[in-house]
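Input: a single structure, listed below in structure tokens.
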Protein chains: 4
Amino acid sequence: MNRTTIRRLQEQVYQANLELKEYGLVTATFGNVSGIDRASGIVAIKPSGLPYDQLSPEKMVLVDLQYNVLEGELKPSSDTKTHVMLYRSFEQIGGIVHTHSTYATAWAQALKPLPCYGTTHADIFHGQVPCTAVMREDQIERDYEEETAVQILETFQLYDYQQIPGVLVASHGPFTWGQTPEKAVYHSLMLETIAEMAILSLNITPGLKAIKKSLMDKHFLRKHGRNAYYGQPGKENR
Amino acid sequence: MNRTTIRRLQEQVYQANLELKEYGLVTATFGNVSGIDRASGIVAIKPSGLPYDQLSPEKMVLVDLQYNVLEGELKPSSDTKTHVMLYRSFEQIGGIVHTHSTYATAWAQALKPLPCYGTTHADIFHGQVPCTAVMREDQIERDYEEETAVQILETFQLYDYQQIPGVLVASHGPFTWGQTPEKAVYHSLMLETIAEMAILSLNITPGLKAIKKSLMDKHFLRKHGRNAYYGQPGKENR
Amino acid sequence: MNRTTIRRLQEQVYQANLELKEYGLVTATFGNVSGIDRASGIVAIKPSGLPYDQLSPEKMVLVDLQYNVLEGELKPSSDTKTHVMLYRSFEQIGGIVHTHSTYATAWAQALKPLPCYGTTHADIFHGQVPCTAVMREDQIERDYEEETAVQILETFQLYDYQQIPGVLVASHGPFTWGQTPEKAVYHSLMLETIAEMAILSLNITPGLKAIKKSLMDKHFLRKHGRNAYYGQPGKENR
Amino acid sequence: MNRTTIRRLQEQVYQANLELKEYGLVTATFGNVSGIDRASGIVAIKPSGLPYDQLSPEKMVLVDLQYNVLEGELKPSSDTKTHVMLYRSFEQIGGIVHTHSTYATAWAQALKPLPCYGTTHADIFHGQVPCTAVMREDQIERDYEEETAVQILETFQLYDYQQIPGVLVASHGPFTWGQTPEKAVYHSLMLETIAEMAILSLNITPGLKAIKKSLMDKHFLRKHGRNAYYGQPGKENR
């Protein structure tokens with residue numbers, strides 16, 4: 001384990017947790033960000049139940065991909081197993097965010113996928129943001145947090161996690177991910193934004209249909225992929 | 001009466017009143033927090049009608065469980081009798097909050113209990129948050145503030161006040177409680193949050209059903225009760 | 001004209017205009033407050049179209065009850081005639097506020113009176129807040145701002161302006177009033193608050209009925225009138 | 001090219017971009033402002049994908065009316081062709097704004113023009129704010145940003161761009177314009193405001209009709225045109 005790398009990871013995860021709060025995506029402590037160092041397989045994650053103003057970089061708990069806490073006395077987020085299982089399966093991601101942000105959670109509670117109603121959505125998510133199935137009794141009785149990941153992974157058998165960097169967990173709330181913790185927070189913010197717009201659009205035009213595939217492709221691909229032309233060359237674009 | 005204990009109570013109640021304002025749960029002076037010292041049976045409560053920026057710890061009015069003002073010249077909140085009657089019946093609580101917060105009040109005005117639509121709700125309230133019956137003519141003519149408590153207590157013959165730390169008073173607004181004034185404020189904030197989400201979820205899926213009992217239990221019990229595993233051991237968890 | 005009194009009036013009106021902005025009741029310059037000195041019949045009112053950050057007490061334009069500007073080079077608010085006509089008819093009021101605040105304006109645009117759905121409403125407005133008739137062609141062609149007052153005054157033939165300190169002008173927005181400019185602003189804030197709650201309550205329970213008269217009376221009268229017991233004795237209560 | 005004029009233009013465009021952010025009209029980098037110097041035909045526009053806190057006046061990219069970047073190394077906004085084509089056709093405008101502001105975008109996604117439901121709307125937009133047609137497949141395959149302008153220009157064959165300073169691009173979001181970048185931002189803010197009010201009014205009164213032509217004319221013309229009497233003479237009125 002490379003100390004410098006890990007300290008940098010903790011700093012990143014800490015900053016990303018603060019951003020989550022700043023953007024208004026969490027009420028009380030209902031939200032957490034993690035990040036992974038792929039070389040060592042070490043995950044840094046927010047400690048469980050601590051208020052945001054008591055956090056510091058070194059309090060970001062370090063766990064390995066078998067859920068072992070590597071150092072420190074704080075317990076990691078109660079959602080740690082969900083994060084870790086996603087890191088094991090989604091190999092290209094470097095950060096994960098879970099929130100109970102108002103509008104995205106409203107869709108998750110409504111048990112509905114978030115349709116792609118416009119280009120704001122298509123710029124970030126290449127198609128609808130899926131909603132998992134409701135958890136079965138036998139899943140609830142097993143390891144709840146692992147089963148949350150199982151539900152997400154089952155859902156993504158039909159989706160590409162790199163093109164749809166987020167999901168609505170039924171009756172619960174959103175998870176988003178990205179190449180870095182910061183990007184995962186950005187996806188969380190954008191998911192909340194489009195979730196709000198979608199409710200409003202539905203209000204104006206009940207039964208509204210998703211936009212067509214060609215427009216979806218155009219917007220997603222002008223920001224992502226080989227021929228992207230949005231933003232400054234060689235820079236992180238947001 | 002232990003002066004030091006009482007001063008600490010006043011300080012707590014004062015801080016909790018300020019938190020109420022900070023969280024955006026009150027417009028003008030429509031909100032109040034009280035706390036009780038169980039050893040002496042003394043309640044500290046916000047004075048009636050005073051703007052939040054004119055409050056100070058020593059202005060928190062002290063009353064006993066027979067509604068007598070114990071010291072000072074300020075009148076206690078007009079809702080004092082409601083608070084005191086709840087302290088007499090709900091023996092395990094240490095703080096009470098009343099607000100007219102937007103979304104919770106909207107449900108109270110709509111005369112509907114708040115259904116448990118997701119895990120954010122189930123983390124705090126173990127089932128639906130009930131709405132009292134509409135006040136009868138004879139109750140309105142009697143002592144209005146006492147009758148408000150009577151309505152709440154009648155409603156809680158069917159509920160456990162320790163598992164459902166709040167209520168919607170029909171045509172009026174929410175009351176919440178907790179082991180401390182601070183916790184009661186936290187419950188008030190969470191009630192407002194889930195009240196908003198529930199309206200949005202209903203908008204997306206009209207006729208939405210509450211989540212199943214097993215999921216409700218799982219979430220409530222991972223934060224509360226003997227086998228709770230959320231948060232840091234031995235700490236207040238939020 | 002008593003200089004000191006008038007300067008104090010301008011200061012009050014200036015402060016009230018700033019409060020309007022602080023409370024989020026105006027977008028751009030869509031809002032104005034006036035106040036009257038009853039002894040001299042002089043009205044101080046916000047100048048027309050000036051951004052809030054360019055206001056100062058001495059810029060509050062002085063006009064008499066015949067619409068004459070008494071001093072200064074600034075034009076008074078384009079709504080001045082509406083204000084002045086209301087002062088002539090509602091003899092007990094000392095301040096008037098006009099805004100295009102979001103929720104109250106939504107009701108005015110929807111051409112519906114705001115029903116009394118709860119005690120927050122009943123604490124301030126003793127019954128529904130009326131909506132004027134839509135302006136007739138011949139009225140629009142005459143003096144538009146005077147006719148706005150005419151519409152309000154016609155509406156209040158059926159209401160008591162001291163018990164219902166506000167109105168929704170159809171297709172336009174709210175006017176509120178009170179004993180002082182500050183109180184009129186307070187009524188404007190409360191109108192916006194209950195207008196929001198009412199939309200939400202209607203969303204939850206379509207076809208919701210207003211609360212019964214006895215509850216309305218109880219809440220209004222515990223704050224207003226001879227036997228009021230809310231707030232501190234001898235103090236302004238809010 | 002007059003250096004001083006161009007520097008002033010960049011400063012104006014920079015300030016207008018900041019205002020956009022301050023007013024809450026953009027999430028992340030989803031928004032841009034441009035301005036034009038009509039004498040030289042030079043447009044200054046926000047660089048593509050740069051966060052607002054990294055902007056400065058000299059970073060506003062200069063392009064001519066044939067889309068050529070005139071100096072600097074930053075790429076202009078990906079929406080540059082849309083802006084430029086509008087400048088070529090709408091000869092009286094000096095500034096253009098594009099955002100994905102929540103409520104206006106909700107209408108654009110709902111594929112509906114924004115009806116004139118009240119005088120707040122009529123003060124700024126002389127009639128409904130149109131929504132373009134959905135883009136055809138062949139348009140998406142051609143130059144997407146040019147085709148966005150084509151759609152707007154086709155829509156405005158039926159509207160007067162000086163009386164309706166904005167449009168909803170179907171499935172996308174709003175564009176607004178004005179005599180200066182600052183005025184275009186103001187129109188963007190007002191469009192967002194009336195878009196919100198309109199959704200709320202529709203909620204209260206489903207099937208609500210637009211206000212009548214005579215009231216629309218009265219309000220628009222008291223602020224605009226030869227006989228305008230709103231605001232201070234000889235001043236920018238808002």
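Letters for chains follow the order of the structure tokens (A, B, ...), residue numbers begin at 1 for each chain, and ligand numbers begin at 1 in the order shown.
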
Practice prompt. Excluding Pro115 of chain A and residues on its chain fewer than 5 positions from it, collect all residues at most 9 Å away from it, counting only C-alpha atoms, and give them as a ChimeraX atom specification.
Written response: /A:121,127-130,198,209-211

For segment 218-233 of chain A, find every residue with an atom within 12 Å (counting only C-alpha atoms), except residues of its own chain fewer than 5 positions away, and show them as a short mmCIF file (atom, residue, chain, number, x, y, z; two decimals) with all heavy atoms, in the first residue's frame.
data_model
loop_
_atom_site.label_atom_id
_atom_site.label_comp_id
_atom_site.auth_asym_id
_atom_site.auth_seq_id
_atom_site.Cartn_x
_atom_site.Cartn_y
_atom_site.Cartn_z
N CYS A 116 -35.62 9.31 -20.56
CA CYS A 116 -34.81 10.38 -21.14
C CYS A 116 -35.73 11.35 -21.87
O CYS A 116 -36.16 11.09 -22.99
CB CYS A 116 -33.78 9.80 -22.10
SG CYS A 116 -32.78 11.09 -22.85
N GLY A 118 -34.95 14.63 -22.47
CA GLY A 118 -34.33 15.78 -23.12
C GLY A 118 -32.83 15.65 -23.19
O GLY A 118 -32.24 14.65 -22.73
N THR A 119 -32.21 16.69 -23.72
CA THR A 119 -30.78 16.61 -23.98
C THR A 119 -29.94 16.79 -22.72
O THR A 119 -28.79 16.35 -22.69
CB THR A 119 -30.39 17.68 -25.02
OG1 THR A 119 -30.65 18.97 -24.47
CG2 THR A 119 -31.17 17.50 -26.31
N THR A 120 -30.47 17.42 -21.68
CA THR A 120 -29.73 17.50 -20.42
C THR A 120 -29.45 16.08 -19.92
O THR A 120 -28.34 15.76 -19.46
CB THR A 120 -30.53 18.26 -19.33
OG1 THR A 120 -31.28 19.31 -19.93
CG2 THR A 120 -29.63 18.80 -18.26
N HIS A 121 -30.46 15.26 -19.98
CA HIS A 121 -30.35 13.85 -19.60
C HIS A 121 -29.37 13.13 -20.55
O HIS A 121 -28.43 12.46 -20.10
CB HIS A 121 -31.75 13.23 -19.69
CG HIS A 121 -31.84 11.79 -19.27
ND1 HIS A 121 -32.72 11.35 -18.32
CD2 HIS A 121 -31.18 10.68 -19.69
CE1 HIS A 121 -32.60 10.03 -18.17
NE2 HIS A 121 -31.67 9.61 -18.99
N ALA A 122 -29.58 13.31 -21.84
CA ALA A 122 -28.79 12.58 -22.85
C ALA A 122 -27.32 12.97 -22.83
O ALA A 122 -26.46 12.21 -23.27
CB ALA A 122 -29.38 12.79 -24.24
N ASP A 123 -27.02 14.17 -22.31
CA ASP A 123 -25.62 14.58 -22.22
C ASP A 123 -24.84 13.73 -21.23
O ASP A 123 -23.61 13.63 -21.30
CB ASP A 123 -25.53 16.05 -21.76
CG ASP A 123 -25.69 17.03 -22.93
OD1 ASP A 123 -25.37 16.66 -24.06
OD2 ASP A 123 -26.15 18.16 -22.69
N ILE A 124 -25.53 13.13 -20.26
CA ILE A 124 -24.86 12.41 -19.18
C ILE A 124 -25.20 10.92 -19.18
O ILE A 124 -24.33 10.08 -18.97
CB ILE A 124 -25.30 12.99 -17.80
CG1 ILE A 124 -25.22 14.51 -17.79
CG2 ILE A 124 -24.48 12.35 -16.68
CD1 ILE A 124 -23.86 15.09 -17.85
N PHE A 125 -26.47 10.62 -19.37
CA PHE A 125 -26.92 9.23 -19.31
C PHE A 125 -27.43 8.83 -20.70
O PHE A 125 -28.37 9.45 -21.21
CB PHE A 125 -28.06 9.09 -18.28
CG PHE A 125 -27.64 9.43 -16.88
CD1 PHE A 125 -27.81 10.72 -16.39
CD2 PHE A 125 -27.07 8.47 -16.06
CE1 PHE A 125 -27.42 11.05 -15.09
CE2 PHE A 125 -26.68 8.79 -14.77
CZ PHE A 125 -26.86 10.08 -14.28
N HIS A 126 -26.85 7.79 -21.24
CA HIS A 126 -27.19 7.40 -22.60
C HIS A 126 -28.44 6.50 -22.60
O HIS A 126 -28.36 5.30 -22.90
CB HIS A 126 -25.99 6.68 -23.22
CG HIS A 126 -26.06 6.57 -24.71
ND1 HIS A 126 -25.16 5.87 -25.46
CD2 HIS A 126 -26.95 7.07 -25.59
CE1 HIS A 126 -25.48 5.93 -26.73
NE2 HIS A 126 -26.56 6.65 -26.84
N GLY A 127 -29.55 7.07 -22.25
CA GLY A 127 -30.81 6.33 -22.17
C GLY A 127 -31.41 6.44 -20.79
O GLY A 127 -30.88 7.16 -19.93
N GLN A 162 -21.02 2.06 -18.14
CA GLN A 162 -20.19 3.22 -18.52
C GLN A 162 -21.01 4.27 -19.28
O GLN A 162 -20.62 5.42 -19.36
CB GLN A 162 -18.99 2.76 -19.34
CG GLN A 162 -18.02 1.96 -18.48
CD GLN A 162 -16.77 1.56 -19.25
OE1 GLN A 162 -16.78 0.60 -20.01
NE2 GLN A 162 -15.71 2.32 -19.03
N GLN A 163 -22.11 3.85 -19.82
CA GLN A 163 -22.95 4.80 -20.55
C GLN A 163 -24.12 5.28 -19.69
O GLN A 163 -24.72 6.32 -19.98
CB GLN A 163 -23.48 4.13 -21.83
CG GLN A 163 -22.36 3.60 -22.72
CD GLN A 163 -22.56 3.90 -24.18
OE1 GLN A 163 -23.68 4.17 -24.61
NE2 GLN A 163 -21.51 3.87 -24.95
N ILE A 164 -24.42 4.50 -18.67
CA ILE A 164 -25.49 4.90 -17.73
C ILE A 164 -24.88 4.88 -16.34
O ILE A 164 -24.97 3.89 -15.61
CB ILE A 164 -26.68 3.90 -17.77
CG1 ILE A 164 -27.19 3.64 -19.18
CG2 ILE A 164 -27.80 4.36 -16.84
CD1 ILE A 164 -28.13 4.69 -19.73
N ILE A 211 -37.30 10.89 -25.67
CA ILE A 211 -36.83 11.42 -26.96
C ILE A 211 -36.31 10.27 -27.82
O ILE A 211 -36.02 9.19 -27.32
CB ILE A 211 -35.71 12.47 -26.79
CG1 ILE A 211 -34.47 11.89 -26.11
CG2 ILE A 211 -36.22 13.66 -26.00
CD1 ILE A 211 -33.28 12.84 -26.10
N LYS A 212 -36.19 10.53 -29.12
CA LYS A 212 -35.80 9.43 -29.99
C LYS A 212 -34.31 9.11 -29.88
O LYS A 212 -33.50 9.94 -29.48
CB LYS A 212 -36.19 9.72 -31.44
CG LYS A 212 -35.73 11.04 -31.98
CD LYS A 212 -36.39 11.30 -33.33
CE LYS A 212 -36.17 12.75 -33.74
NZ LYS A 212 -36.93 13.11 -34.93
N LYS A 213 -34.00 7.88 -30.26
CA LYS A 213 -32.64 7.34 -30.13
C LYS A 213 -31.60 8.23 -30.83
O LYS A 213 -30.51 8.46 -30.29
CB LYS A 213 -32.65 5.93 -30.74
CG LYS A 213 -31.34 5.17 -30.70
CD LYS A 213 -31.19 4.35 -29.43
CE LYS A 213 -29.92 3.51 -29.44
NZ LYS A 213 -28.68 4.26 -29.69
N ARG A 238 -17.10 19.19 -18.05
CA ARG A 238 -18.32 19.05 -17.27
C ARG A 238 -19.39 19.98 -17.81
O ARG A 238 -19.17 20.98 -18.33
CB ARG A 238 -18.08 19.40 -15.81
CG ARG A 238 -17.15 18.43 -15.18
CD ARG A 238 -16.70 18.88 -13.84
NE ARG A 238 -17.79 19.40 -13.06
CZ ARG A 238 -17.88 19.25 -11.75
NH1 ARG A 238 -17.01 18.51 -11.09
NH2 ARG A 238 -18.85 19.80 -11.08
N THR D 29 -21.99 23.37 -15.94
CA THR D 29 -21.62 24.33 -17.01
C THR D 29 -22.71 24.43 -18.08
O THR D 29 -22.46 24.89 -19.19
CB THR D 29 -20.30 23.91 -17.69
OG1 THR D 29 -20.50 22.63 -18.29
CG2 THR D 29 -19.16 23.83 -16.71
N PHE D 30 -23.92 23.99 -17.74
CA PHE D 30 -25.00 23.98 -18.72
C PHE D 30 -25.61 25.37 -18.97
O PHE D 30 -26.77 25.60 -18.65
CB PHE D 30 -26.12 23.03 -18.28
CG PHE D 30 -25.79 21.60 -18.53
CD1 PHE D 30 -24.99 20.89 -17.66
CD2 PHE D 30 -26.29 20.96 -19.65
CE1 PHE D 30 -24.69 19.55 -17.89
CE2 PHE D 30 -26.00 19.63 -19.89
CZ PHE D 30 -25.19 18.93 -19.01
N LYS D 46 -18.77 32.43 -24.23
CA LYS D 46 -18.16 31.60 -23.19
C LYS D 46 -17.40 30.44 -23.83
O LYS D 46 -17.88 29.83 -24.78
CB LYS D 46 -19.28 31.06 -22.29
CG LYS D 46 -18.82 30.22 -21.13
CD LYS D 46 -19.99 29.89 -20.20
CE LYS D 46 -19.57 28.83 -19.19
NZ LYS D 46 -19.27 27.52 -19.81
N PRO D 47 -16.21 30.10 -23.29
CA PRO D 47 -15.50 28.92 -23.79
C PRO D 47 -16.26 27.63 -23.42
O PRO D 47 -17.02 27.63 -22.45
CB PRO D 47 -14.15 28.99 -23.10
CG PRO D 47 -14.33 29.89 -21.93
CD PRO D 47 -15.45 30.82 -22.26
N SER D 48 -16.06 26.60 -24.17
CA SER D 48 -16.78 25.33 -23.98
C SER D 48 -16.35 24.62 -22.70
O SER D 48 -15.15 24.47 -22.44
CB SER D 48 -16.50 24.41 -25.18
OG SER D 48 -17.25 23.23 -25.08
N GLY D 49 -17.33 24.18 -21.91
CA GLY D 49 -17.07 23.26 -20.80
C GLY D 49 -16.27 23.77 -19.63
O GLY D 49 -15.97 23.02 -18.71
N LEU D 50 -15.88 25.04 -19.61
CA LEU D 50 -15.11 25.58 -18.47
C LEU D 50 -16.04 25.91 -17.30
O LEU D 50 -17.05 26.58 -17.48
CB LEU D 50 -14.37 26.86 -18.85
CG LEU D 50 -12.99 26.78 -19.46
CD1 LEU D 50 -12.25 28.11 -19.25
CD2 LEU D 50 -12.14 25.65 -18.90
N PRO D 51 -15.66 25.49 -16.08
CA PRO D 51 -16.44 25.88 -14.91
C PRO D 51 -16.49 27.41 -14.75
O PRO D 51 -15.53 28.10 -15.13
CB PRO D 51 -15.67 25.27 -13.74
CG PRO D 51 -14.88 24.16 -14.34
CD PRO D 51 -14.58 24.57 -15.75
N GLU D 73 -6.62 30.33 -27.48
CA GLU D 73 -6.51 28.90 -27.71
C GLU D 73 -7.72 28.13 -27.21
O GLU D 73 -7.79 26.91 -27.37
CB GLU D 73 -5.24 28.39 -27.04
CG GLU D 73 -4.00 28.81 -27.81
CD GLU D 73 -2.74 28.55 -27.03
OE1 GLU D 73 -2.76 27.68 -26.13
OE2 GLU D 73 -1.73 29.22 -27.32
N LEU D 74 -8.63 28.83 -26.55
CA LEU D 74 -9.79 28.12 -26.02
C LEU D 74 -10.81 27.89 -27.13
O LEU D 74 -10.98 28.72 -28.02
CB LEU D 74 -10.43 28.93 -24.89
CG LEU D 74 -9.61 28.98 -23.59
CD1 LEU D 74 -10.17 30.02 -22.64
CD2 LEU D 74 -9.60 27.60 -22.92
N LYS D 75 -11.50 26.73 -27.05
CA LYS D 75 -12.60 26.46 -27.97
C LYS D 75 -13.84 27.21 -27.48
O LYS D 75 -14.12 27.26 -26.29
CB LYS D 75 -12.92 24.97 -27.98
CG LYS D 75 -12.09 24.15 -28.95
CD LYS D 75 -12.36 22.66 -28.74
CE LYS D 75 -13.82 22.30 -29.00
NZ LYS D 75 -14.11 20.89 -28.67
N PRO D 76 -14.59 27.79 -28.41
CA PRO D 76 -15.82 28.47 -27.97
C PRO D 76 -16.89 27.43 -27.61
O PRO D 76 -16.75 26.26 -27.94
CB PRO D 76 -16.24 29.26 -29.21
CG PRO D 76 -15.68 28.48 -30.36
CD PRO D 76 -14.40 27.86 -29.86
N SER D 77 -17.93 27.87 -26.92
CA SER D 77 -19.06 27.01 -26.55
C SER D 77 -19.48 26.13 -27.72
O SER D 77 -19.46 26.56 -28.87
CB SER D 77 -20.24 27.91 -26.15
OG SER D 77 -21.44 27.18 -26.18
N SER D 78 -19.85 24.90 -27.40
CA SER D 78 -20.30 24.00 -28.47
C SER D 78 -21.57 24.53 -29.14
O SER D 78 -21.94 24.09 -30.22
CB SER D 78 -20.55 22.60 -27.90
OG SER D 78 -21.53 22.65 -26.90
N ASP D 79 -22.24 25.49 -28.51
CA ASP D 79 -23.45 26.07 -29.09
C ASP D 79 -23.16 27.31 -29.95
O ASP D 79 -24.08 28.04 -30.32
CB ASP D 79 -24.43 26.46 -27.97
CG ASP D 79 -24.86 25.26 -27.15
OD1 ASP D 79 -25.31 24.27 -27.76
OD2 ASP D 79 -24.76 25.31 -25.91
N THR D 80 -21.90 27.57 -30.26
CA THR D 80 -21.51 28.80 -30.94
C THR D 80 -22.25 29.00 -32.27
O THR D 80 -22.74 30.10 -32.56
CB THR D 80 -19.98 28.83 -31.17
OG1 THR D 80 -19.35 28.82 -29.88
CG2 THR D 80 -19.58 30.08 -31.92
N MET D 135 -36.61 17.97 -33.73
CA MET D 135 -35.66 17.90 -34.84
C MET D 135 -35.87 16.61 -35.65
O MET D 135 -36.04 15.55 -35.08
CB MET D 135 -34.24 17.96 -34.30
CG MET D 135 -33.31 18.70 -35.24
SD MET D 135 -31.63 18.75 -34.61
CE MET D 135 -31.55 20.42 -33.98
N GLU D 137 -34.75 13.55 -38.31
CA GLU D 137 -33.55 12.70 -38.42
C GLU D 137 -32.48 13.34 -39.31
O GLU D 137 -31.30 13.37 -38.96
CB GLU D 137 -33.91 11.33 -39.02
CG GLU D 137 -34.88 10.51 -38.19
CD GLU D 137 -34.30 10.10 -36.84
OE1 GLU D 137 -33.07 9.92 -36.73
OE2 GLU D 137 -35.09 9.98 -35.88
N GLN D 139 -31.95 16.36 -39.96
CA GLN D 139 -31.32 17.53 -39.33
C GLN D 139 -30.27 17.10 -38.31
O GLN D 139 -29.19 17.68 -38.23
CB GLN D 139 -32.37 18.37 -38.61
CG GLN D 139 -33.31 19.13 -39.54
CD GLN D 139 -34.28 19.99 -38.74
OE1 GLN D 139 -35.08 19.46 -37.96
NE2 GLN D 139 -34.21 21.30 -38.93
N ILE D 140 -30.61 16.08 -37.52
CA ILE D 140 -29.66 15.61 -36.50
C ILE D 140 -28.38 15.14 -37.17
O ILE D 140 -27.28 15.36 -36.66
CB ILE D 140 -30.29 14.47 -35.67
CG1 ILE D 140 -31.51 14.99 -34.90
CG2 ILE D 140 -29.27 13.87 -34.70
CD1 ILE D 140 -32.29 13.93 -34.14
N GLU D 141 -28.53 14.51 -38.34
CA GLU D 141 -27.35 14.01 -39.03
C GLU D 141 -26.51 15.13 -39.65
O GLU D 141 -25.32 14.96 -39.88
CB GLU D 141 -27.75 13.01 -40.12
CG GLU D 141 -28.10 11.64 -39.52
CD GLU D 141 -28.87 10.76 -40.50
OE1 GLU D 141 -28.69 10.94 -41.72
OE2 GLU D 141 -29.66 9.92 -40.01
N ARG D 142 -27.14 16.25 -39.98
CA ARG D 142 -26.37 17.37 -40.51
C ARG D 142 -25.67 18.10 -39.36
O ARG D 142 -25.38 17.51 -38.33
CB ARG D 142 -27.31 18.33 -41.26
CG ARG D 142 -27.70 17.78 -42.64
CD ARG D 142 -28.06 18.92 -43.58
NE ARG D 142 -29.29 19.60 -43.18
CZ ARG D 142 -30.51 19.25 -43.57
NH1 ARG D 142 -30.70 18.21 -44.36
NH2 ARG D 142 -31.57 19.93 -43.17
N ASP D 143 -25.39 19.37 -39.50
CA ASP D 143 -24.70 20.11 -38.44
C ASP D 143 -25.70 20.42 -37.33
O ASP D 143 -26.56 21.29 -37.47
CB ASP D 143 -24.10 21.39 -39.03
CG ASP D 143 -23.18 22.09 -38.02
OD1 ASP D 143 -23.62 22.31 -36.87
OD2 ASP D 143 -22.04 22.39 -38.38
N TYR D 144 -25.57 19.72 -36.21
CA TYR D 144 -26.58 19.77 -35.16
C TYR D 144 -26.82 21.19 -34.63
O TYR D 144 -27.95 21.62 -34.44
CB TYR D 144 -26.18 18.85 -34.02
CG TYR D 144 -27.13 18.84 -32.87
CD1 TYR D 144 -28.38 18.24 -32.98
CD2 TYR D 144 -26.80 19.45 -31.66
CE1 TYR D 144 -29.27 18.23 -31.92
CE2 TYR D 144 -27.69 19.45 -30.60
CZ TYR D 144 -28.91 18.84 -30.73
OH TYR D 144 -29.79 18.85 -29.69
N GLU D 145 -25.73 21.92 -34.39
CA GLU D 145 -25.87 23.24 -33.78
C GLU D 145 -26.45 24.25 -34.77
O GLU D 145 -27.23 25.12 -34.40
CB GLU D 145 -24.52 23.71 -33.21
CG GLU D 145 -24.13 22.98 -31.92
CD GLU D 145 -23.60 21.56 -32.18
OE1 GLU D 145 -23.20 21.26 -33.32
OE2 GLU D 145 -23.61 20.74 -31.23
N SER D 171 -37.29 19.41 -26.62
CA SER D 171 -36.46 18.37 -26.00
C SER D 171 -35.10 18.89 -25.54
O SER D 171 -34.22 18.10 -25.20
CB SER D 171 -36.21 17.18 -26.97
OG SER D 171 -37.42 16.67 -27.43
N HIS D 172 -34.90 20.16 -25.53
CA HIS D 172 -33.60 20.72 -25.21
C HIS D 172 -33.70 21.77 -24.09
O HIS D 172 -33.54 21.43 -22.93
CB HIS D 172 -33.00 21.28 -26.50
CG HIS D 172 -31.56 21.67 -26.40
ND1 HIS D 172 -30.71 21.64 -27.48
CD2 HIS D 172 -30.82 22.11 -25.36
CE1 HIS D 172 -29.51 22.04 -27.08
NE2 HIS D 172 -29.56 22.32 -25.82
#

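Remark: for chain B, the closest of the candidate residues A:Thr82, A:Gln179, A:Thr102, A:Ser214 is A:Thr102 (distances computed over only C-alpha atoms).
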
Fill in: Nearest to Tyr186 of chain D by atom-to-atom distance, counting only C-alpha atoms, from C:Thr27, C:Asn17, C:Ser56, C:Gln157
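Under the stated criterion, the closest residue is C:Thr27.
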
Discussion item. One number please: atom CA of Tyr67 of chain C to atom CA of Arg136 of chain C, in Å, one decimal.
Written reply: 23.9 Å

Item to complete: Might you pull out every residue within 7 Å of Cys131 of chain A, with only C-alpha atoms counted and same-chain residues fewer than 6 positions away left off, and present them as a PyMOL selection string?
Response: chain A and resi 108+111-113+167-170

Fill in: Proximity to Asn2 of chain C - best of C:Pro206, C:Gly24, C:Gly35, C:Gly41, only C-alpha atoms
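The answer is C:Gly41, which sits nearest to Asn2 of chain C.
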
Worksheet item: Quick one: DSSP strand (DSSP E or B) residues in segment 78-128 of chain C, as a PyMOL selection string?
Response: chain C and resi 95-99+114
